[in-house]
Each structure stands twice: as C-alpha cells, then as structure tokens.
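J.: The structure file model28.pdb (PDB, C-alpha atoms) is provided below.
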```pdb
MODEL        1
ATOM      1  CA  MET A   1      19.293 -40.916  94.496  1.00  0.00           C
ATOM      2  CA  ASP A   2      20.104 -37.499  95.885  1.00  0.00           C
ATOM      3  CA  PHE A   3      23.702 -37.902  94.632  1.00  0.00           C
ATOM      4  CA  ILE A   4      22.516 -38.493  91.040  1.00  0.00           C
ATOM      5  CA  ASN A   5      20.204 -35.473  91.101  1.00  0.00           C
ATOM      6  CA  ASN A   6      22.978 -33.296  92.512  1.00  0.00           C
ATOM      7  CA  ASN A   7      25.387 -34.314  89.712  1.00  0.00           C
ATOM      8  CA  ALA A   8      22.696 -33.796  87.083  1.00  0.00           C
ATOM      9  CA  ASN A   9      21.984 -30.307  88.426  1.00  0.00           C
ATOM     10  CA  ILE A  10      25.678 -29.419  88.273  1.00  0.00           C
ATOM     11  CA  PHE A  11      25.904 -30.782  84.701  1.00  0.00           C
ATOM     12  CA  PHE A  12      22.918 -28.744  83.512  1.00  0.00           C
ATOM     13  CA  PHE A  13      24.173 -25.616  85.287  1.00  0.00           C
ATOM     14  CA  VAL A  14      27.615 -25.885  83.664  1.00  0.00           C
ATOM     15  CA  THR A  15      26.048 -26.680  80.282  1.00  0.00           C
ATOM     16  CA  THR A  16      23.796 -23.634  80.504  1.00  0.00           C
ATOM     17  CA  ILE A  17      26.720 -21.362  81.334  1.00  0.00           C
ATOM     18  CA  LEU A  18      28.773 -22.791  78.448  1.00  0.00           C
ATOM     19  CA  VAL A  19      25.893 -22.349  75.997  1.00  0.00           C
ATOM     20  CA  VAL A  20      25.448 -18.719  77.042  1.00  0.00           C
ATOM     21  CA  VAL A  21      29.201 -18.075  76.683  1.00  0.00           C
ATOM     22  CA  LEU A  22      29.195 -19.784  73.275  1.00  0.00           C
ATOM     23  CA  ILE A  23      26.283 -17.639  72.087  1.00  0.00           C
ATOM     24  CA  ILE A  24      28.070 -14.463  73.226  1.00  0.00           C
ATOM     25  CA  VAL A  25      31.281 -15.503  71.423  1.00  0.00           C
ATOM     26  CA  LEU A  26      29.341 -16.304  68.241  1.00  0.00           C
ATOM     27  CA  LEU A  27      27.597 -12.918  68.370  1.00  0.00           C
ATOM     28  CA  ILE A  28      30.937 -11.151  68.717  1.00  0.00           C
ATOM     29  CA  VAL A  29      32.334 -13.109  65.757  1.00  0.00           C
ATOM     30  CA  MET A  30      29.223 -12.310  63.709  1.00  0.00           C
ATOM     31  CA  PHE A  31      29.482  -8.565  64.405  1.00  0.00           C
ATOM     32  CA  ALA A  32      33.198  -8.608  63.547  1.00  0.00           C
ATOM     33  CA  THR A  33      32.413 -10.419  60.294  1.00  0.00           C
ATOM     34  CA  ILE A  34      29.762  -7.846  59.406  1.00  0.00           C
ATOM     35  CA  LYS A  35      32.212  -4.975  60.055  1.00  0.00           C
ATOM     36  CA  ILE A  36      34.889  -6.650  57.921  1.00  0.00           C
ATOM     37  CA  TYR A  37      32.350  -7.244  55.127  1.00  0.00           C
ATOM     38  CA  ARG A  38      31.276  -3.593  55.186  1.00  0.00           C
ATOM     39  CA  PHE A  39      34.913  -2.440  55.117  1.00  0.00           C
ATOM     40  CA  ILE A  40      35.696  -4.695  52.153  1.00  0.00           C
ATOM     41  CA  SER A  41      32.611  -3.574  50.233  1.00  0.00           C
ATOM     42  CA  LYS A  42      33.489   0.116  50.802  1.00  0.00           C
ATOM     43  CA  THR A  43      37.053  -0.539  49.658  1.00  0.00           C
ATOM     44  CA  ILE A  44      35.845  -2.296  46.526  1.00  0.00           C
ATOM     45  CA  ASP A  45      33.491   0.590  45.742  1.00  0.00           C
ATOM     46  CA  LYS A  46      36.338   3.102  46.130  1.00  0.00           C
ATOM     47  CA  GLY A  47      38.531   0.935  43.921  1.00  0.00           C
ATOM     48  CA  ASP A  48      35.801   0.794  41.280  1.00  0.00           C
ATOM     49  CA  LEU A  49      35.572   4.578  41.263  1.00  0.00           C
ATOM     50  CA  LEU A  50      39.341   4.850  40.919  1.00  0.00           C
ATOM     51  CA  LEU A  51      39.345   2.347  38.064  1.00  0.00           C
ATOM     52  CA  GLU A  52      36.614   4.302  36.303  1.00  0.00           C
ATOM     53  CA  ASP A  53      38.724   7.468  36.615  1.00  0.00           C
ATOM     54  CA  ILE A  54      41.701   5.643  35.154  1.00  0.00           C
ATOM     55  CA  LYS A  55      39.531   4.200  32.391  1.00  0.00           C
ATOM     56  CA  GLU A  56      38.375   7.681  31.424  1.00  0.00           C
ATOM     57  CA  ASN A  57      42.005   8.894  31.627  1.00  0.00           C
ATOM     58  CA  ASN A  58      41.014  11.667  34.019  1.00  0.00           C
ATOM     59  CA  PHE A  59      43.412  10.321  36.601  1.00  0.00           C
ATOM     60  CA  ILE A  60      46.248   9.983  34.093  1.00  0.00           C
ATOM     61  CA  LYS A  61      45.627  13.420  32.589  1.00  0.00           C
ATOM     62  CA  LYS A  62      45.879  14.962  36.057  1.00  0.00           C
ATOM     63  CA  ALA A  63      48.999  13.008  37.010  1.00  0.00           C
ATOM     64  CA  ILE A  64      51.081  13.409  33.840  1.00  0.00           C
ATOM     65  CA  PRO A  65      52.084  17.083  34.345  1.00  0.00           C
ATOM     66  CA  VAL A  66      53.251  16.310  37.867  1.00  0.00           C
ATOM     67  CA  VAL A  67      54.905  12.916  37.414  1.00  0.00           C
ATOM     68  CA  LEU A  68      56.467  13.212  33.969  1.00  0.00           C
ATOM     69  CA  PRO A  69      59.059  15.930  34.744  1.00  0.00           C
ATOM     70  CA  VAL A  70      60.233  13.937  37.746  1.00  0.00           C
ATOM     71  CA  LEU A  71      60.167  10.531  36.094  1.00  0.00           C
ATOM     72  CA  LEU A  72      61.885  11.279  32.763  1.00  0.00           C
ATOM     73  CA  PRO A  73      65.317  12.326  34.152  1.00  0.00           C
ATOM     74  CA  ILE A  74      65.406   9.255  36.385  1.00  0.00           C
ATOM     75  CA  VAL A  75      64.531   6.882  33.552  1.00  0.00           C
ATOM     76  CA  SER A  76      67.013   8.496  31.177  1.00  0.00           C
ATOM     77  CA  PHE A  77      69.775   8.285  33.815  1.00  0.00           C
ATOM     78  CA  PHE A  78      69.294   4.529  34.256  1.00  0.00           C
ATOM     79  CA  TYR A  79      68.917   4.009  30.521  1.00  0.00           C
ATOM     80  CA  LYS A  80      72.296   5.687  29.914  1.00  0.00           C
ATOM     81  CA  LEU A  81      73.932   3.498  32.569  1.00  0.00           C
ATOM     82  CA  LYS A  82      72.549   0.398  30.915  1.00  0.00           C
ATOM     83  CA  LYS A  83      73.806   1.502  27.494  1.00  0.00           C
ATOM     84  CA  LYS A  84      77.325   2.166  28.815  1.00  0.00           C
ATOM     85  CA  LYS A  85      77.570  -1.308  30.364  1.00  0.00           C
ATOM     86  CA  LYS A  86      76.902  -2.990  27.025  1.00  0.00           C
TER      87      LYS A  86
ENDMDL
END
```
If you convert what's in this file into structure tokens, what do you get?

T.:
Amino acid sequence: MDFINNNANIFFFVTTILVVVLIIVLLIVMFATIKIYRFISKTIDKGDLLLEDIKENNFIKKAIPVVLPVLLPIVSFFYKLKKKKK
C-alpha cells in the first residue's frame, strides 16, 4: 500500500508543477496577445488619420510641389521610349 501512495504522491507533484508551468505560459501568451492587439489598434488609428488627410487632399496638396517636378521627367522619359519602340 505504501508503494501505491508513493506513486500517487509523485503523480500529483508532477501534475501540480505542470499546471503551474502551463498557467505561466498561458499568461505570457495572453500578455503578448494584448501587446500585439494594442500595436494593431494604434496602427489602424494612425492609418485612419492618414486616410482622412488624403481624403481632404491635405496630404496630396503638400506632396504635389515636391513630387511632381521629380516625377514628370521620369514619366516623360519612359513614355518617349515606349513611343519609339512602336
């Protein structure tokens, strides 16, 4: 009978340790999930603000004077190459 009690004690000891380890792992996963959720929600909020700027054309109005002088010569160069090939 002492042999059975000894094995049962070992089983319950190992089970207790595994349950504690499992709880710690689940807590770590939960905290990581919360951090990822917060990061995604902040990113979505920033994206919404950027989309609102684009919708109001504030972003485009600020970018056109900078981008257009650089972009037009490049586009015209490739357009001329395409025309010559035909």

J.: What separation in Å, quoted to one decimal, exists between CA of Phe13 (chain A) and CA of Val29 (chain A)?

T.: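 Between these atoms lies a distance of 24.6 Å.
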
J.: For CA of Ser41 (chain A) and CA of Leu22 (chain A), quote the distance in Å rounded to one decimal.

T.: 28.4 Å

J.: How far is it from CA of Thr15 (chain A) to CA of Ile28 (chain A), in Å with one decimal?

T.: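 If I compute the distance from CA of Thr15 (chain A) to CA of Ile28 (chain A), I get 20.0 Å.
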